[in-house]
$ cat input.tsv   # TSV, C-alpha atoms
chain	number	residue	atom	x	y	z
Z	1	MET	CA	57.34	124.16	108.42
Z	2	GLU	CA	56.47	124.74	104.78
Z	3	ILE	CA	54.01	122.39	103.11
Z	4	GLU	CA	53.39	122.22	99.38
Z	5	LEU	CA	49.67	122.08	98.69
Z	6	ARG	CA	48.07	120.27	95.74
Z	7	ASP	CA	47.66	123.55	93.88
Z	8	GLY	CA	51.42	124.15	94.10
Z	9	ASN	CA	51.23	126.94	96.69
Z	10	ILE	CA	53.35	126.86	99.85
Z	11	LYS	CA	51.61	126.95	103.21
Z	12	LYS	CA	53.56	127.89	106.36
Z	13	GLU	CA	52.46	126.49	109.67
Z	14	SER	CA	53.81	125.64	113.11
Z	15	TRP	CA	54.64	121.93	113.01
Z	16	LEU	CA	54.98	121.54	116.78
Z	17	PRO	CA	52.16	122.83	119.03
Z	18	VAL	CA	53.94	124.47	121.97
Z	19	THR	CA	51.89	123.38	124.98
Z	20	ARG	CA	52.74	122.51	128.54
Z	21	GLU	CA	51.79	118.88	127.96
Z	22	LEU	CA	54.25	118.59	125.08
Z	23	SER	CA	57.05	120.51	126.77
Z	24	PHE	CA	60.47	118.92	127.07
Z	25	GLN	CA	60.87	120.82	130.33
Z	26	LYS	CA	58.13	118.59	131.76
Z	27	PHE	CA	60.58	115.70	131.63
Z	28	ILE	CA	63.32	117.71	133.30
Z	29	GLU	CA	61.45	119.50	136.07
Z	30	GLN	CA	60.42	116.33	137.90
Z	31	SER	CA	63.96	115.06	138.21
Z	32	ASP	CA	67.05	115.65	140.29
Z	33	LEU	CA	68.71	116.62	137.00
Z	34	LEU	CA	66.89	119.94	136.95
Z	35	GLU	CA	69.97	121.88	137.99
Z	36	GLU	CA	72.21	120.08	135.47
Z	37	LEU	CA	69.74	120.25	132.56
Z	38	LYS	CA	67.86	123.55	132.60
Z	39	TYR	CA	66.87	123.25	128.95
Z	40	ASP	CA	63.72	123.38	126.87
Z	41	PHE	CA	62.76	123.91	123.23
Z	42	ASN	CA	61.75	127.45	122.27
Z	43	GLU	CA	59.12	128.48	119.71
Z	44	LYS	CA	61.61	127.76	116.92
Z	45	ALA	CA	62.11	124.22	118.30
Z	46	GLU	CA	65.70	125.06	119.32
Z	47	LEU	CA	67.13	123.67	122.57
Z	48	ARG	CA	67.94	126.61	124.85
Z	49	HIS	CA	68.82	127.19	128.50
Z	50	THR	CA	65.65	128.23	130.31
Z	51	GLU	CA	67.38	131.13	132.09
Z	52	THR	CA	70.12	132.38	129.76
Z	53	GLN	CA	68.50	131.31	126.44
Z	54	ARG	CA	71.93	130.10	125.33
Z	55	PRO	CA	72.55	126.88	123.38
Z	56	PHE	CA	73.56	123.65	125.08
Z	57	VAL	CA	76.97	123.64	126.78
Z	58	PHE	CA	78.75	120.30	127.10
Z	59	ASN	CA	81.40	121.35	129.64
Z	60	TYR	CA	79.05	121.84	132.61
Z	61	TYR	CA	81.44	120.21	135.07
Z	62	LYS	CA	84.66	122.09	134.41
Z	63	ASN	CA	87.03	119.74	132.59
Z	64	VAL	CA	85.53	116.55	134.07
Z	65	PHE	CA	84.97	114.64	130.84
Z	66	GLU	CA	83.33	111.50	132.26
Z	67	ARG	CA	80.65	113.38	134.21
Z	68	ASN	CA	79.99	115.69	131.28
Z	69	SER	CA	79.64	112.66	129.02
Z	70	LYS	CA	77.15	111.04	131.39
Z	71	ARG	CA	75.18	114.31	131.53
Z	72	TYR	CA	75.11	114.38	127.72
Z	73	GLN	CA	74.02	110.74	127.73
Z	74	ALA	CA	71.20	111.55	130.16
Z	75	LEU	CA	70.07	114.41	127.91
Z	76	GLY	CA	70.14	112.05	124.92
Z	77	TYR	CA	67.97	109.50	126.69
Z	78	LEU	CA	65.43	112.13	127.76
Z	79	LEU	CA	65.32	113.44	124.18
Z	80	GLU	CA	64.75	109.90	122.95
Z	81	GLN	CA	61.73	109.50	125.24
Z	82	TYR	CA	60.47	112.98	124.32
Z	83	ILE	CA	60.63	112.20	120.60
Z	84	TYR	CA	58.68	108.98	121.19
Z	85	GLU	CA	55.97	111.03	122.91
Z	86	LEU	CA	55.86	113.48	120.00
Z	87	LEU	CA	55.56	110.63	117.50
Z	88	GLU	CA	52.51	109.32	119.33
Z	89	LYS	CA	50.83	112.55	120.45
Z	90	VAL	CA	51.71	114.98	117.64
Z	91	CYS	CA	52.10	112.66	114.66
Z	92	LYS	CA	49.47	110.18	115.93
Z	93	LEU	CA	51.68	107.18	115.14
Z	94	GLN	CA	51.29	103.81	116.79
Z	95	LYS	CA	54.14	102.09	118.64
Z	96	VAL	CA	54.48	98.48	117.45
Z	97	TYR	CA	56.63	95.96	119.35
Z	98	ILE	CA	58.49	93.23	117.46
Z	99	PRO	CA	58.24	90.32	117.51
Z	100	PRO	CA	54.71	90.65	118.92
Z	101	GLU	CA	54.79	87.31	120.74
Z	102	ALA	CA	58.03	88.02	122.63
Z	103	ASP	CA	56.48	90.03	125.46
Z	104	LYS	CA	58.64	88.42	128.16
Z	105	GLU	CA	62.04	89.16	126.61
Z	106	PRO	CA	63.92	92.24	125.39
Z	107	ARG	CA	62.41	93.38	122.11
Z	108	SER	CA	62.51	96.33	119.78
Z	109	PHE	CA	59.70	98.42	118.29
Z	110	PHE	CA	58.93	100.87	115.52
Z	111	PHE	CA	56.18	103.38	114.73
Z	112	MET	CA	53.60	103.52	111.97
Z	113	SER	CA	50.56	105.57	111.08
Z	114	GLU	CA	47.17	104.21	112.01
Z	115	ARG	CA	45.89	101.64	109.50
Z	116	ALA	CA	49.11	101.95	107.50
Z	117	LEU	CA	48.75	98.34	106.42
Z	118	THR	CA	45.05	98.47	105.55
Z	119	SER	CA	44.15	102.00	104.44
Z	120	HIS	CA	43.50	102.89	100.81
Z	121	ARG	CA	46.18	105.58	100.70
Z	122	SER	CA	48.37	104.88	97.69
Z	123	VAL	CA	51.82	105.67	99.14
Z	124	LEU	CA	53.68	104.22	102.12
Z	125	LEU	CA	56.79	106.17	103.15
Z	126	VAL	CA	59.47	104.32	105.13
Z	127	LEU	CA	62.11	106.26	107.08
Z	128	LEU	CA	65.46	104.53	107.61
Z	129	GLN	CA	67.99	106.49	109.67
Z	130	ASP	CA	71.78	106.48	109.95
Z	131	GLN	CA	73.70	104.32	112.44
Z	132	GLY	CA	74.31	105.78	115.91
Z	133	VAL	CA	73.05	106.15	119.48
Z	134	PHE	CA	69.80	107.78	118.35
Z	135	ARG	CA	66.52	105.93	117.97
Z	136	ALA	CA	63.26	106.14	116.02
Z	137	GLY	CA	62.16	109.65	115.09
Z	138	GLN	CA	65.67	111.11	114.91
Z	139	TRP	CA	67.95	111.80	111.97
Z	140	SER	CA	70.67	113.00	114.34
Z	141	GLN	CA	70.76	113.51	118.10
Z	142	GLN	CA	73.60	115.97	117.71
Z	143	ALA	CA	71.56	118.01	115.23
Z	144	ILE	CA	68.60	118.10	117.63
Z	145	ILE	CA	70.78	119.39	120.47
Z	146	HIS	CA	72.70	121.98	118.46
Z	147	HIS	CA	70.30	122.91	115.64
Z	148	GLY	CA	66.83	122.02	116.90
Z	149	LEU	CA	64.01	119.54	116.34
Z	150	GLN	CA	63.26	120.80	112.83
Z	151	HIS	CA	66.75	119.78	111.69
Z	152	GLY	CA	67.52	116.69	113.77
Z	153	SER	CA	64.16	114.98	114.26
Z	154	GLN	CA	62.05	113.19	111.65
Z	155	ILE	CA	58.85	114.93	112.76
Z	156	PRO	CA	58.80	117.60	109.99
Z	157	CYS	CA	59.28	114.82	107.43
Z	158	ILE	CA	56.50	112.71	108.96
Z	159	GLN	CA	54.10	115.63	109.01
Z	160	MET	CA	54.86	116.50	105.40
Z	161	ALA	CA	54.10	112.89	104.48
Z	162	LEU	CA	50.82	112.86	106.39
Z	163	GLN	CA	49.84	116.20	104.83
Z	164	ALA	CA	50.45	114.61	101.41
Z	165	HIS	CA	48.14	111.73	102.47
Z	166	TYR	CA	50.96	109.18	102.74
Z	167	ASP	CA	51.06	106.43	105.32
Z	168	VAL	CA	54.32	106.29	107.29
Z	169	ILE	CA	56.56	103.68	108.90
Z	170	VAL	CA	59.35	104.96	111.15
Z	171	LEU	CA	62.01	102.30	111.62
Z	172	ASN	CA	64.16	101.87	114.74
Z	173	PRO	CA	67.25	100.15	113.30
Z	174	ASN	CA	69.69	101.11	116.09
Z	175	ASP	CA	67.68	99.51	118.90
Z	176	ASN	CA	69.63	96.25	118.72
Z	177	PHE	CA	70.40	95.20	122.30
Z	178	ILE	CA	69.74	96.03	125.91
Z	179	ASP	CA	72.55	96.92	128.31
Z	180	LEU	CA	71.40	95.61	131.68
Z	181	ASN	CA	73.39	98.16	133.67
Z	182	MET	CA	72.20	101.08	131.58
Z	183	GLU	CA	68.63	99.77	131.51
Z	184	GLU	CA	68.38	99.96	135.31
Z	185	GLU	CA	69.73	103.51	135.29
Z	186	GLN	CA	67.36	104.57	132.52
Z	187	LYS	CA	64.33	102.98	134.15
Z	188	GLY	CA	65.08	105.06	137.20
Z	189	LEU	CA	65.85	108.15	135.17
Z	190	LEU	CA	62.41	108.24	133.61
Z	191	THR	CA	59.68	106.02	135.06
Z	192	GLN	CA	56.00	106.59	134.53
Z	193	THR	CA	53.64	105.69	137.35
Z	194	LYS	CA	50.95	103.29	136.20
Z	195	GLY	CA	47.73	105.15	135.53
Z	196	SER	CA	49.43	108.51	135.93
Z	197	SER	CA	51.41	110.84	133.70
Z	198	SER	CA	53.68	111.93	136.56
Z	199	LEU	CA	57.36	111.31	135.96
Z	200	LYS	CA	59.90	110.33	138.58
Z	201	MET	CA	63.66	110.60	138.28
Z	202	VAL	CA	66.56	109.13	140.22
Z	203	PRO	CA	69.14	111.31	141.97
Z	204	ALA	CA	71.56	112.90	139.54
Z	205	GLU	CA	74.62	111.40	141.20
Z	206	ASN	CA	73.30	107.88	140.50
Z	207	PHE	CA	72.97	108.39	136.76
Z	208	LEU	CA	76.01	110.66	136.41
Z	209	SER	CA	78.37	108.22	138.10
Z	210	VAL	CA	80.99	106.39	136.05
Z	211	GLN	CA	79.37	103.80	133.77
Z	212	GLN	CA	79.81	100.11	134.55
Z	213	PRO	CA	81.03	97.63	131.90
Z	214	LEU	CA	78.42	96.69	129.30
Z	215	GLN	CA	76.20	93.65	129.91
Z	216	CYS	CA	74.43	93.38	126.58
Z	217	THR	CA	71.49	91.18	125.64
Z	218	PRO	CA	70.56	91.23	121.93
Z	219	LYS	CA	66.98	91.88	120.86
Z	220	ARG	CA	65.47	89.09	118.79
Z	221	CYS	CA	64.75	90.00	115.17
Z	222	SER	CA	66.65	93.28	115.62
Z	223	ASN	CA	70.21	92.19	116.39
Z	224	THR	CA	71.42	94.43	113.58
Z	225	PRO	CA	69.92	97.24	111.48
Z	226	GLU	CA	69.79	94.82	108.56
Z	227	GLU	CA	67.84	92.23	110.55
Z	228	HIS	CA	65.44	94.90	111.85
Z	229	MET	CA	64.77	96.10	108.29
Z	230	ALA	CA	64.29	92.58	106.90
Z	231	TYR	CA	61.84	91.64	109.69
Z	232	ILE	CA	59.64	94.70	109.20
Z	233	TRP	CA	59.69	94.18	105.45
Z	234	ASP	CA	58.61	90.54	105.79
Z	235	TYR	CA	55.91	90.99	108.41
Z	236	PHE	CA	54.59	94.48	107.68
Z	237	ILE	CA	55.64	96.29	104.49
Z	238	SER	CA	55.32	93.28	102.19
Z	239	LYS	CA	51.80	92.61	103.54
Z	240	THR	CA	50.42	95.91	102.24
Z	241	GLU	CA	48.32	95.63	99.10
Z	242	GLY	CA	47.90	98.22	96.39
Z	243	LYS	CA	50.49	100.55	97.90
Z	244	ASP	CA	53.47	102.20	96.27
Z	245	VAL	CA	56.37	102.23	98.73
Z	246	ALA	CA	58.99	104.99	98.97
Z	247	PHE	CA	62.07	105.09	101.19
Z	248	ILE	CA	64.12	107.92	102.66
Z	249	VAL	CA	67.46	106.50	103.84
Z	250	HIS	CA	70.30	108.40	105.53
Z	251	GLY	CA	73.96	107.41	105.90
Z	252	TYR	CA	74.27	103.75	106.93
Z	253	GLY	CA	70.57	103.38	106.17
Z	254	GLY	CA	71.54	103.36	102.49
Z	255	LEU	CA	73.69	100.30	103.01
Z	256	VAL	CA	70.83	98.63	104.92
Z	257	PHE	CA	68.39	99.32	102.08
Z	258	MET	CA	70.80	97.86	99.50
Z	259	ASP	CA	71.10	94.77	101.69
Z	260	LEU	CA	67.31	94.45	101.63
Z	261	LEU	CA	67.25	94.95	97.86
Z	262	VAL	CA	69.69	92.07	97.38
Z	263	ARG	CA	67.88	89.79	99.85
Z	264	LYS	CA	64.36	90.49	98.57
Z	265	LYS	CA	65.19	91.40	95.00
Z	266	TRP	CA	61.91	90.77	93.20
Z	267	GLU	CA	59.67	91.88	96.06
Z	268	VAL	CA	61.46	95.20	96.48
Z	269	MET	CA	61.71	95.93	92.75
Z	270	ASN	CA	57.98	95.35	92.32
Z	271	LYS	CA	56.81	97.22	95.41
Z	272	VAL	CA	59.18	100.22	95.82
Z	273	TYR	CA	58.75	103.04	93.33
Z	274	ALA	CA	61.34	105.54	94.63
Z	275	VAL	CA	64.28	105.71	97.04
Z	276	ALA	CA	65.83	108.94	98.29
Z	277	PHE	CA	69.36	108.30	99.52
Z	278	ILE	CA	70.87	111.03	101.72
Z	279	ASP	CA	74.67	111.06	101.96
Z	280	SER	CA	74.53	107.28	101.87
Z	281	GLU	CA	77.18	104.73	102.88
Z	282	HIS	CA	76.04	102.07	100.42
Z	283	HIS	CA	78.49	100.55	97.92
Z	284	VAL	CA	76.89	99.39	94.69
Z	285	GLY	CA	79.91	97.39	93.51
Z	286	HIS	CA	80.27	95.41	96.72
Z	287	GLN	CA	76.58	94.95	97.42
Z	288	LEU	CA	74.92	94.54	94.03
Z	289	GLY	CA	77.90	93.26	92.06
Z	290	SER	CA	77.19	92.94	88.35
Z	291	ASP	CA	73.49	92.04	88.64
Z	292	VAL	CA	72.13	93.72	85.49
Z	293	GLN	CA	68.53	93.80	86.70
Z	294	LEU	CA	69.40	95.42	90.02
Z	295	LEU	CA	71.67	97.97	88.35
Z	296	ALA	CA	68.92	98.87	85.87
Z	297	TRP	CA	66.37	99.19	88.67
Z	298	ILE	CA	68.40	101.55	90.87
Z	299	LYS	CA	69.22	103.71	87.86
Z	300	HIS	CA	65.52	104.45	87.32
Z	301	HIS	CA	64.19	104.37	90.89
Z	302	CYS	CA	66.88	105.96	93.05
Z	303	ARG	CA	68.35	109.42	93.58
Z	304	GLU	CA	70.93	110.59	96.11
Z	305	TRP	CA	71.34	113.92	97.87
Z	306	VAL	CA	74.97	114.31	98.95
Z	307	THR	CA	76.78	116.84	101.12
Z	308	SER	CA	78.22	119.48	98.83
Z	309	PRO	CA	79.10	123.19	98.72
Z	310	LYS	CA	76.85	123.43	95.65
Z	311	PRO	CA	73.29	124.79	95.90
Z	312	LEU	CA	70.46	122.35	96.56
Z	313	ASP	CA	69.65	120.01	93.64
Z	314	LYS	CA	72.70	120.92	91.55
Z	315	PRO	CA	74.30	117.82	89.94
Z	316	ALA	CA	76.98	116.39	92.23
Z	317	ALA	CA	78.03	113.05	90.74
Z	318	THR	CA	81.48	111.68	91.53
Z	319	VAL	CA	83.76	109.26	89.72
Z	320	LEU	CA	83.08	106.60	92.36
Z	321	LYS	CA	79.29	106.99	92.35
Z	322	GLN	CA	77.53	107.20	88.99
Z	323	GLU	CA	74.96	104.40	89.21
Z	324	PHE	CA	71.98	106.77	89.61
Z	325	PRO	CA	71.43	110.55	89.70
Z	326	MET	CA	73.24	112.45	92.46
Z	327	VAL	CA	72.49	116.03	93.47
Z	328	SER	CA	73.59	118.41	96.20
Z	329	ALA	CA	71.80	118.32	99.56
Z	330	GLY	CA	72.47	122.04	99.89
Z	331	THR	CA	74.76	121.59	102.89
Z	332	GLU	CA	78.23	120.26	103.68
Z	333	LYS	CA	77.13	118.79	107.03
Z	334	HIS	CA	76.09	115.15	107.08
Z	335	ASN	CA	73.69	115.52	110.02
Z	336	LEU	CA	71.87	118.46	108.41
Z	337	ALA	CA	71.48	116.86	104.98
Z	338	PRO	CA	68.03	115.30	105.68
Z	339	SER	CA	66.38	118.56	106.72
Z	340	SER	CA	68.16	120.55	104.00
Z	341	SER	CA	66.98	118.25	101.19
Z	342	LEU	CA	63.49	117.45	102.50
Z	343	GLN	CA	61.43	119.70	100.21
Z	344	SER	CA	63.38	118.50	97.19
Z	345	ILE	CA	62.87	114.84	98.15
Z	346	PHE	CA	59.09	115.19	98.34
Z	347	LYS	CA	59.03	116.87	94.93
Z	348	TYR	CA	61.04	113.92	93.60
Z	349	PHE	CA	58.54	111.45	95.09
Z	350	LYS	CA	55.63	113.32	93.54
Z	351	LYS	CA	57.27	113.35	90.12
Z	352	ALA	CA	58.35	109.70	90.36
Z	353	LEU	CA	54.83	108.59	91.28
Z	354	LYS	CA	53.37	110.32	88.24
Z	355	ALA	CA	55.93	108.73	85.96
Z	356	LYS	CA	55.76	105.30	87.60
Z	357	THR	CA	56.03	102.51	85.09
Z	358	THR	CA	53.29	99.91	84.95
Z	359	ILE	CA	55.75	97.18	83.99
Z	360	ASN	CA	56.53	94.84	86.92
Z	361	PHE	CA	59.85	93.04	87.15
Z	362	SER	CA	59.47	89.31	86.78
Z	363	ARG	CA	61.51	86.12	86.98
Z	364	VAL	CA	59.99	84.98	83.65
Z	365	PRO	CA	62.72	84.77	80.98
Z	366	ILE	CA	62.53	87.18	78.04
Z	367	VAL	CA	61.17	85.50	74.91
Z	368	THR	CA	63.28	86.07	71.79
Z	369	ARG	CA	62.82	85.03	68.14
Z	370	SER	CA	65.67	82.54	68.38
Z	371	SER	CA	64.24	80.89	71.53
Z	372	THR	CA	60.80	80.64	69.90
Z	373	LYS	CA	62.31	79.05	66.81
Z	374	ARG	CA	64.23	76.49	68.91
Z	375	LYS	CA	61.03	75.63	70.77
Z	376	GLN	CA	59.16	75.03	67.49
Z	377	ILE	CA	61.96	72.79	66.14
Z	378	ALA	CA	61.98	70.75	69.34

$ encode --input "input.tsv" --output "structure tokens"
Amino acid sequence: MEIELRDGNIKKESWLPVTRELSFQKFIEQSDLLEELKYDFNEKAELRHTETQRPFVFNYYKNVFERNSKRYQALGYLLEQYIYELLEKVCKLQKVYIPPEADKEPRSFFFMSERALTSHRSVLLVLLQDQGVFRAGQWSQQAIIHHGLQHGSQIPCIQMALQAHYDVIVLNPNDNFIDLNMEEEQKGLLTQTKGSSSLKMVPAENFLSVQQPLQCTPKRCSNTPEEHMAYIWDYFISKTEGKDVAFIVHGYGGLVFMDLLVRKKWEVMNKVYAVAFIDSEHHVGHQLGSDVQLLAWIKHHCREWVTSPKPLDKPAATVLKQEFPMVSAGTEKHNLAPSSSLQSIFKYFKKALKAKTTINFSRVPIVTRSSTKRKQIA
């Protein structure tokens, strides 16, 4: 990973310490899925077969789509748990359950840096991912499997933020419900013995059998990505004092942020100083309408990196999207856009913070000469 230092120089360093304790293979070896999933991440953080060093192959069971799909699903779940471990052990983030009082019912969680709500660091960076099967810490599960952790996970982004002395909140907007059938399978797939780090897996045939119909129970305060975002804004982000908040939002996350902006208009406009949209699914016309204040705010506080054949940062505005600056993400692939544009986004944040206006948006009406004159006459 490359990190821009305060003097402008670029420092290269290994962002993921390759140790036995942090090995993905640790999750696999203690399971009956060892034969089906002989994979680990190499020194470049790419997922490779431990014997052949070849990339992941979906068609393990020759032309048996359902079993191959279940195998892929098992890999995805193990990756999810592995990323959670990296967030806590490598990035030193804390796992926070929401709502805190609902400890006897299904509930969601997110991650944040230690003392993110109380420290004197000036910037709080919030990561809001796209919609999909992936969870906190991932931009794209597919990108992790086929291109590696540096491209599909949010860990390089988090470490860049921490290196820049930002606090970080990693949202978990896709953790909306619990499937009771799948939950039992997953608990068996990866269970941690109390007081021990040993992992125990269920037999492969149990997890790789045909999936039963969904039995879904929604998670309170996180039924939807929009509800998850609004809850964490109300009970965490809005409580921070003296912090400038920045967002990185990808895909559907852009629509979720615009929903928050409409719901919490004045709070967001006063607290957020920059938003980096990445190949976003938001729709300004439908979501913001003709609200002049909102349109003026996004014009000065937002920038979007879109998939494009053009080089990184080249103007890429379209007829349909002209509300704020748009530039190329340096790739034509949606799931690689976050990693491709990351360096550029942090430069944008740095520049935006320096140029941050001291004028806060307010509900107070603008005083004009004519209104003053009418007041004096009255």

$ atom_distance --input "input.tsv" --atom1 "atom CA of Z:His147" --atom2 "atom CA of Z:Gly132"
17.6 Å

$ residues_around --input "input.tsv" --residues "Z:Pro309" --least-positions-apart "5" --cutoff "10 Å" --atoms "all atoms listed in the file" --output "NGL selection string"
:Z and (314 or 316 or 328-333)

$ closest_residue --input "input.tsv" --among "Z:Asn172, Z:Gln322, Z:Ser153, Z:Thr118" --to "Z:His283" --atoms "all atoms listed in the file"
Z:Gln322

$ closest_residue --input "input.tsv" --among "Z:Glu43, Z:Glu105, Z:Asp175, Z:Asp167" --to "Z:Thr224" --atoms "all atoms listed in the file"
Z:Asp175

$ closest_residue --input "input.tsv" --among "Z:Lys243, Z:His228, Z:Lys356, Z:Arg303" --to "Z:Ser341" --atoms "only C-alpha atoms"
Z:Arg303

$ atom_distance --input "input.tsv" --atom1 "atom CA of Z:Leu117" --atom2 "atom CA of Z:His151"
28.5 Å

$ residues_around --input "input.tsv" --residues "Z:Gly251" --least-positions-apart "2" --cutoff "8 Å" --atoms "only C-alpha atoms" --output "PyMOL selection string"
chain Z and resi 129-131+249+253-255+277-282

$ residues_around --input "input.tsv" --residues "Z:Ile298" --least-positions-apart "5" --cutoff "9 Å" --atoms "all atoms listed in the file" --output "short mmCIF file (atom, residue, chain, number, x, y, z; two decimals) with C-alpha atoms, in the frame of the given file"
data_model
loop_
_atom_site.label_atom_id
_atom_site.label_comp_id
_atom_site.auth_asym_id
_atom_site.auth_seq_id
_atom_site.Cartn_x
_atom_site.Cartn_y
_atom_site.Cartn_z
CA MET Z 269 61.71 95.93 92.75
CA ALA Z 274 61.34 105.54 94.63
CA VAL Z 275 64.28 105.71 97.04
CA GLN Z 293 68.53 93.80 86.70
CA ARG Z 303 68.35 109.42 93.58
CA GLU Z 323 74.96 104.40 89.21
CA PHE Z 324 71.98 106.77 89.61
#

$ closest_residue --input "input.tsv" --among "Z:Leu37, Z:Ile248, Z:Leu353, Z:Ala136" --to "Z:Cys157" --atoms "all atoms listed in the file"
Z:Ile248

$ closest_residue --input "input.tsv" --among "Z:Glu267, Z:Tyr84, Z:Val123, Z:Asp179" --to "Z:Gly137" --atoms "only C-alpha atoms"
Z:Tyr84

$ residues_near_point --input "input.tsv" --point "(69.7, 92.7, 90.7)" --cutoff "12 Å" --atoms "all atoms listed in the file" --output "JSON, numbers by chain"
{"Z": [258, 259, 260, 261, 262, 263, 264, 265, 266, 267, 268, 269, 284, 285, 287, 288, 289, 290, 291, 292, 293, 294, 295, 296, 297, 298, 299, 361, 362, 363]}

$ decode --input "input.tsv" --residues "stretch 165-180 of chain Z" --atoms "N, CA, C and O atoms" --output "PDB file, in the first residue's frame"
ATOM      1  N   HIS Z 165      -4.426  10.190  10.423  1.00  0.00           N
ATOM      2  CA  HIS Z 165      -4.950  10.616  11.728  1.00  0.00           C
ATOM      3  C   HIS Z 165      -6.439  10.939  11.671  1.00  0.00           C
ATOM      4  O   HIS Z 165      -6.924  11.833  12.367  1.00  0.00           O
ATOM      5  N   TYR Z 166      -7.178  10.179  10.845  1.00  0.00           N
ATOM      6  CA  TYR Z 166      -8.638  10.263  10.843  1.00  0.00           C
ATOM      7  C   TYR Z 166      -9.175   9.222  11.827  1.00  0.00           C
ATOM      8  O   TYR Z 166      -8.555   8.188  12.060  1.00  0.00           O
ATOM      9  N   ASP Z 167     -10.359   9.469  12.356  1.00  0.00           N
ATOM     10  CA  ASP Z 167     -11.138   8.418  12.982  1.00  0.00           C
ATOM     11  C   ASP Z 167     -12.001   7.785  11.893  1.00  0.00           C
ATOM     12  O   ASP Z 167     -12.267   8.409  10.855  1.00  0.00           O
ATOM     13  N   VAL Z 168     -12.459   6.561  12.132  1.00  0.00           N
ATOM     14  CA  VAL Z 168     -13.164   5.812  11.084  1.00  0.00           C
ATOM     15  C   VAL Z 168     -14.396   5.123  11.641  1.00  0.00           C
ATOM     16  O   VAL Z 168     -14.369   4.569  12.750  1.00  0.00           O
ATOM     17  N   ILE Z 169     -15.471   5.162  10.866  1.00  0.00           N
ATOM     18  CA  ILE Z 169     -16.662   4.337  11.124  1.00  0.00           C
ATOM     19  C   ILE Z 169     -16.926   3.502   9.873  1.00  0.00           C
ATOM     20  O   ILE Z 169     -17.011   4.038   8.769  1.00  0.00           O
ATOM     21  N   VAL Z 170     -17.012   2.186  10.071  1.00  0.00           N
ATOM     22  CA  VAL Z 170     -17.265   1.259   8.972  1.00  0.00           C
ATOM     23  C   VAL Z 170     -18.689   0.737   9.130  1.00  0.00           C
ATOM     24  O   VAL Z 170     -18.980  -0.035  10.052  1.00  0.00           O
ATOM     25  N   LEU Z 171     -19.571   1.157   8.249  1.00  0.00           N
ATOM     26  CA  LEU Z 171     -20.978   0.771   8.339  1.00  0.00           C
ATOM     27  C   LEU Z 171     -21.181  -0.665   7.857  1.00  0.00           C
ATOM     28  O   LEU Z 171     -20.334  -1.247   7.180  1.00  0.00           O
ATOM     29  N   ASN Z 172     -22.342  -1.212   8.207  1.00  0.00           N
ATOM     30  CA  ASN Z 172     -22.695  -2.584   7.843  1.00  0.00           C
ATOM     31  C   ASN Z 172     -24.122  -2.601   7.286  1.00  0.00           C
ATOM     32  O   ASN Z 172     -25.004  -3.284   7.815  1.00  0.00           O
ATOM     33  N   PRO Z 173     -24.373  -1.852   6.214  1.00  0.00           N
ATOM     34  CA  PRO Z 173     -25.744  -1.585   5.773  1.00  0.00           C
ATOM     35  C   PRO Z 173     -26.496  -2.775   5.202  1.00  0.00           C
ATOM     36  O   PRO Z 173     -27.718  -2.729   5.080  1.00  0.00           O
ATOM     37  N   ASN Z 174     -25.792  -3.862   4.842  1.00  0.00           N
ATOM     38  CA  ASN Z 174     -26.455  -5.019   4.238  1.00  0.00           C
ATOM     39  C   ASN Z 174     -26.810  -6.102   5.246  1.00  0.00           C
ATOM     40  O   ASN Z 174     -27.350  -7.146   4.867  1.00  0.00           O
ATOM     41  N   ASP Z 175     -26.525  -5.862   6.514  1.00  0.00           N
ATOM     42  CA  ASP Z 175     -26.846  -6.829   7.566  1.00  0.00           C
ATOM     43  C   ASP Z 175     -28.240  -6.509   8.099  1.00  0.00           C
ATOM     44  O   ASP Z 175     -28.397  -5.977   9.198  1.00  0.00           O
ATOM     45  N   ASN Z 176     -29.259  -6.864   7.325  1.00  0.00           N
ATOM     46  CA  ASN Z 176     -30.625  -6.394   7.593  1.00  0.00           C
ATOM     47  C   ASN Z 176     -31.537  -7.416   8.257  1.00  0.00           C
ATOM     48  O   ASN Z 176     -32.522  -7.055   8.885  1.00  0.00           O
ATOM     49  N   PHE Z 177     -31.260  -8.698   8.081  1.00  0.00           N
ATOM     50  CA  PHE Z 177     -32.131  -9.725   8.656  1.00  0.00           C
ATOM     51  C   PHE Z 177     -31.320 -10.983   8.930  1.00  0.00           C
ATOM     52  O   PHE Z 177     -30.176 -11.115   8.503  1.00  0.00           O
ATOM     53  N   ILE Z 178     -31.936 -11.891   9.650  1.00  0.00           N
ATOM     54  CA  ILE Z 178     -31.298 -13.162   9.937  1.00  0.00           C
ATOM     55  C   ILE Z 178     -32.164 -14.263   9.351  1.00  0.00           C
ATOM     56  O   ILE Z 178     -33.378 -14.295   9.563  1.00  0.00           O
ATOM     57  N   ASP Z 179     -31.555 -15.136   8.559  1.00  0.00           N
ATOM     58  CA  ASP Z 179     -32.242 -16.298   8.007  1.00  0.00           C
ATOM     59  C   ASP Z 179     -31.996 -17.453   8.974  1.00  0.00           C
ATOM     60  O   ASP Z 179     -30.863 -17.901   9.146  1.00  0.00           O
ATOM     61  N   LEU Z 180     -33.050 -17.922   9.625  1.00  0.00           N
ATOM     62  CA  LEU Z 180     -32.899 -18.909  10.684  1.00  0.00           C
ATOM     63  C   LEU Z 180     -32.253 -20.199  10.198  1.00  0.00           C
ATOM     64  O   LEU Z 180     -31.434 -20.800  10.898  1.00  0.00           O
TER      65      LEU Z 180
END
